[in-house]
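Trainee: Take a look at the following structure, please.
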Protein chains: 2
Amino acid sequence: MKVNGQRRTTIKDVAEAAEVGVATVSRVLSGTGSASPATREKVLAAAARLDYRPSALGRNLRRQRTGGIGLLIPDITDTFYGRLTDGVLACAQSAGEPVMIGTTGDDPEREAELIGSLLEESVERVIAVPCGDGEMWGPAFRAGLSVVFAERPVQGRENVPSVVTDDRTGVRTAVEYLAGLGHRRIAFLSRHGQAQRVRAFREALAALGVPVDEELIVRAHATRDSAYAAAAGLYQHRPDLTAVLAGGNLLGEAAVLAAKELDFRIPRDISLIMFDDVPWAELCHPPLTVISQPAQDMGYRAAELVLREGRRSRTVTLPTELIVRGSCGPRR
Amino acid sequence: MKVNGQRRTTIKDVAEAAEVGVATVSRVLSGTGSASPATREKVLAAAARLDYRPSALGRNLRRQRTGGIGLLIPDITDTFYGRLTDGVLACAQSAGEPVMIGTTGDDPEREAELIGSLLEESVERVIAVPCGDGEMWGPAFRAGLSVVFAERPVQGRENVPSVVTDDRTGVRTAVEYLAGLGHRRIAFLSRHGQAQRVRAFREALAALGVPVDEELIVRAHATRDSAYAAAAGLYQHRPDLTAVLAGGNLLGEAAVLAAKELDFRIPRDISLIMFDDVPWAELCHPPLTVISQPAQDMGYRAAELVLREGRRSRTVTLPTELIVRGSCGPRR
DNA sequence: GCCGGATGTGGATACGTTTTCATGAATCTC
DNA sequence: GAGATTCATGAAAACGTATCCACATCCGGC
């Protein structure tokens with residue numbers, strides 16, 4: 001039983017109150033077309049008096065598209081994606097655009113479902129941290145929506161604008177730093193979707209003349225449990241390693257936790273560098289040496305890109321920075 | 001210049017292909033009304049053949065409401081709200097409902113703007129961590145949308161369903177634990193919007209016969225900077241305090257960081273209890289004693305509440321739990 | 001004074017869906 | 001078997017907006 005019988009005030013009511021046609025009201029309020037100062041004034045006054053707010057429903061249907069931007073990320077619990085989302089929201093809200101968010105859990109199937117959902121809503125602009133392959137995005141492009149990929153590019157869609165970090169330089173900096181401390185058996189704790197970084201890792205080792213030990217390259221899913229299992233398994237299986245590069249803050253967290261549980265000391269027994277600077281890295285004991293990534297900036301830039309519809313823009317690569325704290329030491 | 005001239009396939013196309021009326025297609029696809037097995041089959045086949053997806057735009061306009069739920073939180077960067085959001089998304093996505101997210105930064109003005117934006121989109125269901133007063137929400141209720149408050153209730157809107165934590169018990173448990181260790185000069189680092197907890201803090205002290213020292217109750221805004229300033233100011237202004245209760249993970253983080261900078265040792269010089277258990281609490285040195293809050297569950301329950309539209313439901317109170325680690329010691 | 005262009009204005013239409021209503025057929029009841 | 005009831009079905013209306021188009025008015029140029 002609805003209590004309020006009051007119908008929404010529509011453009012028609014405003015037209016009536018201002019004694020003009022609906023077309024004129026629409027023109028004045030949306031700023032398109034011409035109108036004499038006198039009528040403009042009348043319309044504005046009537047709209048204000050009636051507290052009129054145009055309905056997005058009608059506008060969307062007429063325009064055949066929903067405003068706002070869709071955001072697809074693997075996991076909102078991961079602070080990296082939290083900051084990325086914050087950047088997107090900062091840009092979108094200042095442009096008055098609503099944001100529809102969905103989490104994929106790095107599962108291509110759920111990604112596909114969410115894409116379908118966005119299509120159903122006729123959302124035209126999407127920012128995504130993709131997990132499926134290029135094929136997955138076929139329907140989206142066919143429907144004509146403009147997509148910006150964030151954090152990772154996707155194979156086979158190289159012409160889609162993306163905002164990514166400079167993985168190659170970041171990884172190389174980390175590996176060179178560790179090698180400079182004498183480390184040779186360096187492990188890389190990676191997540192699915194970090195193929196780029198794994199490649200860079202191999203290249204960096206090769207450039208330094210360090211043989212690549214495939215067993216030291218471990219892949220985990222984007223969950224705490226998986227990350228912990230990967231870290232603990234690595235330590236137990238290869239106690240001879242002396243340094244670890246963690247591909248993200250979840251993996252770094254797992255690396256610290258597993259080391260604690262198994263009684264490996266950082267940095268005495270194991271040196272650790274973590275991708276992504278997070279506030280707790282400084283609070284940790286020892287404070288963590290990290291490769292910082294501008295997550296919030298990444299989100300903001302992606303939103304900017306997806307909002308300026310016309311121009312076809314290339315991909316943006318953001319720099320990383322090595323921040324040395326206390327989690328790396330010389331090879332024991 | 002749009003390349004794709006292909007119009008979206010509409011319900012009309014399906015009707016034509018299935019050789020029935022549009023009304024029948026609508027009935028079959030939305031499951032309402034009756035249809036003979038034969039026609040049902042024809043319609044389903046035609047829809048599948050044409051890869052038809054109903055347009056949310058048309059449906060929304062007809063129904064005079066947008067599906068999905070709006071989510072208003074102070075800060076997506078705070079992992080507490082990250083987990084809360086995760087809970088909302090878990091429930092909403094399994095129900096196939098899109099989620100529109102907005103961050104208020106604990107600023108009533110931005111909250112009002114976002115409410116207006118949701119009204120414009122005709123979003124009917126909203127979950128909010130409110131920061132404005134009851135008046136702010138007037139337009140929302142007048143427009144007939146169903147609101148669920150999360151984390152905090154709002155004064156003057158006691159009849160609005162809410163999902164909150166049991167602040168009174170949580171605070172009392174923490175204070176009793178600290179008092180049991182001999183502490184008397186206990187500070188409370190609180191955030192705006194935690195009036196409930198501040199009240200509980202005063203009550204708990206009074207119940208134990210400890211005089212309330214108003215100078216030890218500090219309020220910060222919901223940013224890292226503000227939290228740090230509050231913590232550092234507290235330490236410098238009142239070096240005689242022996243224990244701190246932090247009202248959230250941002251405040252706890254600041255308390256640890258400021259202590260480190262000012263060379264206060266935890267727990268030797270200062271005992272610390274933090275509201276909200278976060279993964280890094282275990283990694284910290286010393287590991288932090290916390291009052292855990294079921295943030296993800298809170299979001300899930302709020303989403304459940306706002307989705308079952310019919311029933312008027314009271315507020316839900318979720319329990320907290322004291323998790324003792326190593327950041328509290330006897331009074332020095 | 002007449003014509004051509006610019007300008008302001010409102011009627012009408014379309015966007016895609018759901019729902020009401022009327023109609024015809026089929027089944028049931030006594 | 002006649003009347004009553006249920007059932008399946010499609011035509012049409014409505015939701016609120018933006019835009020196309022036609023019309024009217026005005027102005028300057030000849």
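Chain labels follow the order of the structure tokens: the first chain is A, the next B, and so on; residue numbering restarts at 1 in every chain, and ligands are counted from 1 in their shown order.
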DSSP on the backbone, alpha helix (DSSP H) only: what residues of range 82-230 of chain B does that give? Format it as a ChimeraX atom specification.
Mentor: /B:82-94,108-120,138-142,167-180,195-207,224-230
Trainee: Residues of chain D within 12 Å of chain A, counting only C-alpha atoms (C1' of nucleotides) - could you list those as a list in words?
Mentor: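 Every residue meeting the condition is included here: DC15, DG16, DT17, DA18, DT19 and DC20 of chain D.
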Trainee: Only C-alpha atoms (C1' of nucleotides), please: the residues just picked out, written as a PDB file, in the first residue's frame.
Mentor:
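In the end it all went to again18.pdb:
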```pdb
ATOM      1  C1'  DC D  15       5.617   6.024 -18.818  1.00  0.00           C
ATOM      2  C1'  DG D  16       8.919  11.130 -19.580  1.00  0.00           C
ATOM      3  C1'  DT D  17      11.915  12.793 -22.546  1.00  0.00           C
ATOM      4  C1'  DA D  18      14.381  14.732 -26.940  1.00  0.00           C
ATOM      5  C1'  DT D  19      14.024  15.923 -31.522  1.00  0.00           C
ATOM      6  C1'  DC D  20      12.092  16.449 -36.124  1.00  0.00           C
TER       7       DC D  20
END
```
Trainee: Taking only C-alpha atoms (C1' of nucleotides) into account, produce a table as a tab-separated table in which each residue of chain C with an atom at most 8 Å from an atom of chain B appears once, together with its shortest atom pair and the distance in Å to one decimal, ordered by chain and rising number.
Mentor:
```
residue	atom	partner	partner_atom	distance
C:DC15	C1'	B:Gly58	CA	7.8
C:DG16	C1'	B:Gly58	CA	4.3
C:DT17	C1'	B:Gly58	CA	4.3
C:DT18	C1'	B:Arg62	CA	6.1
```
Trainee: Could you write out the selected residues, including N, CA and C atoms (P, O5', C5', C4', C3', O3' and C1' of nucleotides), as an mmCIF file, in the first residue's frame?
Mentor:
```
data_model
loop_
_atom_site.group_PDB
_atom_site.id
_atom_site.type_symbol
_atom_site.label_atom_id
_atom_site.label_comp_id
_atom_site.auth_asym_id
_atom_site.auth_seq_id
_atom_site.Cartn_x
_atom_site.Cartn_y
_atom_site.Cartn_z
ATOM 1 P P DC C 15 11.119 3.899 -32.867
ATOM 2 O "O5'" DC C 15 12.060 3.689 -31.610
ATOM 3 C "C5'" DC C 15 13.109 4.593 -31.266
ATOM 4 C "C4'" DC C 15 13.314 4.560 -29.782
ATOM 5 C "C3'" DC C 15 12.886 3.250 -29.129
ATOM 6 O "O3'" DC C 15 14.004 2.373 -29.071
ATOM 7 C "C1'" DC C 15 12.237 5.177 -27.836
ATOM 8 P P DG C 16 13.817 0.875 -29.601
ATOM 9 O "O5'" DG C 16 13.217 0.119 -28.338
ATOM 10 C "C5'" DG C 16 14.032 -0.048 -27.197
ATOM 11 C "C4'" DG C 16 13.198 -0.628 -26.077
ATOM 12 C "C3'" DG C 16 12.514 -1.959 -26.427
ATOM 13 O "O3'" DG C 16 12.757 -2.861 -25.384
ATOM 14 C "C1'" DG C 16 10.932 -0.405 -25.628
ATOM 15 P P DT C 17 12.237 -4.370 -25.419
ATOM 16 O "O5'" DT C 17 11.187 -4.352 -24.233
ATOM 17 C "C5'" DT C 17 11.628 -4.027 -22.930
ATOM 18 C "C4'" DT C 17 10.531 -3.390 -22.122
ATOM 19 C "C3'" DT C 17 9.413 -4.333 -21.699
ATOM 20 O "O3'" DT C 17 9.756 -4.863 -20.434
ATOM 21 C "C1'" DT C 17 8.613 -2.123 -22.312
ATOM 22 P P DT C 18 8.948 -6.094 -19.859
ATOM 23 O "O5'" DT C 18 7.638 -5.379 -19.284
ATOM 24 C "C5'" DT C 18 7.767 -4.548 -18.137
ATOM 25 C "C4'" DT C 18 6.428 -3.939 -17.801
ATOM 26 C "C3'" DT C 18 5.372 -4.947 -17.323
ATOM 27 O "O3'" DT C 18 4.739 -4.349 -16.195
ATOM 28 C "C1'" DT C 18 4.515 -3.675 -19.126
#
```
Trainee: So that I can check the surroundings of Glu41 in chain A, please list as a count of residues only every protein, DNA and RNA residue that reaches within 12 Å of it, counting only C-alpha atoms (C1' of nucleotides) and ignoring chain neighbours fewer than 2 positions away.
Mentor: 18
Trainee: Find the spatial neighbours of range 225-236 of chain B, counting only C-alpha atoms (C1' of nucleotides), within a cut-off of 6 Å - ignore same-chain residues fewer than 2 positions away - and output them as a tab-separated table (two decimals) with C-alpha atoms, in the first residue's frame.
Mentor:
```
chain	number	residue	atom	x	y	z
B	220	ALA	CA	38.65	13.11	13.76
B	221	HIS	CA	37.33	13.25	10.24
B	223	THR	CA	40.68	10.76	6.40
B	238	ARG	CA	48.39	14.16	27.13
B	239	PRO	CA	51.52	12.05	27.51
B	251	LEU	CA	42.32	5.61	13.54
B	254	ALA	CA	47.17	6.48	12.83
B	255	ALA	CA	47.60	5.55	16.48
B	258	ALA	CA	52.02	8.33	15.53
```
Trainee: With 7 Å as the limit and counting only C-alpha atoms, what residues in chain A lie close to chain B? Please list them as a list in words.
Mentor: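 Within 7 Å of chain B on chain A, we get Arg53, Pro54, Ser55, Ala56, Leu57, Gly58, Asn60, Leu61, Ile76, Thr77, Thr79, Gly82, Arg83, Asp86, Pro98, Val99, Met100, Ile101, Glu120, Glu121, Leu257, Trp280, Leu283, Cys284 and His285 of chain A.
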Trainee: Got a sec: who's within 8 Å of range 240-246 of chain B, counting only C-alpha atoms (C1' of nucleotides), leaving out chain neighbours fewer than 5 positions off, as a ChimeraX atom specification?
Mentor: /B:174,178,183-190,235,251-252,255,269-275,331-332
Trainee: Please write the residues from the selection above to a file, keeping N, CA and C atoms, as an mmCIF file, in the first residue's frame.
Mentor:
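Output contents, as saved in result_26.cif:
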```cif
data_model
loop_
_atom_site.group_PDB
_atom_site.id
_atom_site.type_symbol
_atom_site.label_atom_id
_atom_site.label_comp_id
_atom_site.auth_asym_id
_atom_site.auth_seq_id
_atom_site.Cartn_x
_atom_site.Cartn_y
_atom_site.Cartn_z
ATOM 1 N N ALA B 174 35.921 -3.712 25.489
ATOM 2 C CA ALA B 174 37.262 -3.153 25.346
ATOM 3 C C ALA B 174 37.680 -2.398 26.604
ATOM 4 N N LEU B 178 40.748 -3.222 29.247
ATOM 5 C CA LEU B 178 41.818 -2.283 29.571
ATOM 6 C C LEU B 178 41.832 -1.967 31.062
ATOM 7 N N HIS B 183 44.451 0.023 33.654
ATOM 8 C CA HIS B 183 44.444 1.346 33.027
ATOM 9 C C HIS B 183 43.311 2.213 33.559
ATOM 10 N N ARG B 184 43.616 3.483 33.748
ATOM 11 C CA ARG B 184 42.611 4.441 34.186
ATOM 12 C C ARG B 184 42.497 5.603 33.201
ATOM 13 N N ARG B 185 43.627 6.046 32.678
ATOM 14 C CA ARG B 185 43.590 7.165 31.735
ATOM 15 C C ARG B 185 43.530 6.595 30.309
ATOM 16 N N ILE B 186 42.314 6.311 29.898
ATOM 17 C CA ILE B 186 42.068 5.674 28.609
ATOM 18 C C ILE B 186 41.508 6.698 27.640
ATOM 19 N N ALA B 187 42.130 6.801 26.476
ATOM 20 C CA ALA B 187 41.647 7.757 25.479
ATOM 21 C C ALA B 187 40.771 7.049 24.453
ATOM 22 N N PHE B 188 39.866 7.807 23.847
ATOM 23 C CA PHE B 188 39.049 7.259 22.767
ATOM 24 C C PHE B 188 39.255 8.126 21.530
ATOM 25 N N LEU B 189 39.889 7.529 20.524
ATOM 26 C CA LEU B 189 40.079 8.206 19.246
ATOM 27 C C LEU B 189 38.867 7.889 18.396
ATOM 28 N N SER B 190 38.005 8.873 18.201
ATOM 29 C CA SER B 190 36.770 8.569 17.474
ATOM 30 C C SER B 190 36.667 9.384 16.198
ATOM 31 N N TYR B 235 48.703 12.293 21.806
ATOM 32 C CA TYR B 235 49.916 11.831 22.480
ATOM 33 C C TYR B 235 50.708 12.997 23.056
ATOM 34 N N LEU B 251 41.858 4.992 12.307
ATOM 35 C CA LEU B 251 42.316 5.610 13.540
ATOM 36 C C LEU B 251 43.360 4.740 14.225
ATOM 37 N N GLY B 252 43.179 3.433 14.138
ATOM 38 C CA GLY B 252 44.164 2.526 14.708
ATOM 39 C C GLY B 252 45.500 2.643 13.987
ATOM 40 N N ALA B 255 47.103 5.671 15.109
ATOM 41 C CA ALA B 255 47.600 5.547 16.476
ATOM 42 C C ALA B 255 48.936 4.822 16.499
ATOM 43 N N ASP B 269 54.550 1.409 26.655
ATOM 44 C CA ASP B 269 54.135 2.751 27.064
ATOM 45 C C ASP B 269 52.628 2.949 26.930
ATOM 46 N N ILE B 270 52.104 2.431 25.856
ATOM 47 C CA ILE B 270 50.683 2.630 25.569
ATOM 48 C C ILE B 270 50.053 1.318 25.128
ATOM 49 N N SER B 271 48.914 1.005 25.710
ATOM 50 C CA SER B 271 48.137 -0.142 25.242
ATOM 51 C C SER B 271 47.149 0.344 24.195
ATOM 52 N N LEU B 272 46.913 -0.483 23.180
ATOM 53 C CA LEU B 272 46.044 -0.051 22.078
ATOM 54 C C LEU B 272 45.039 -1.136 21.714
ATOM 55 N N ILE B 273 43.800 -0.744 21.638
ATOM 56 C CA ILE B 273 42.772 -1.619 21.079
ATOM 57 C C ILE B 273 42.140 -0.895 19.906
ATOM 58 N N MET B 274 41.978 -1.601 18.826
ATOM 59 C CA MET B 274 41.423 -0.995 17.627
ATOM 60 C C MET B 274 40.083 -1.625 17.282
ATOM 61 N N PHE B 275 39.116 -0.781 16.945
ATOM 62 C CA PHE B 275 37.871 -1.304 16.392
ATOM 63 C C PHE B 275 38.137 -1.774 14.968
ATOM 64 N N ARG B 331 49.257 -1.656 33.118
ATOM 65 C CA ARG B 331 49.650 -0.251 33.250
ATOM 66 C C ARG B 331 51.092 -0.183 33.738
ATOM 67 N N ARG B 332 51.840 0.703 33.151
ATOM 68 C CA ARG B 332 53.252 0.813 33.537
ATOM 69 C C ARG B 332 53.372 1.537 34.872
#
```
Trainee: So which residues touch DT23 in chain C within 12 Å, counting only C-alpha atoms (C1' of nucleotides), skipping near sequence neighbours fewer than 5 positions away, as a ChimeraX atom specification?
Mentor: /D:8-11
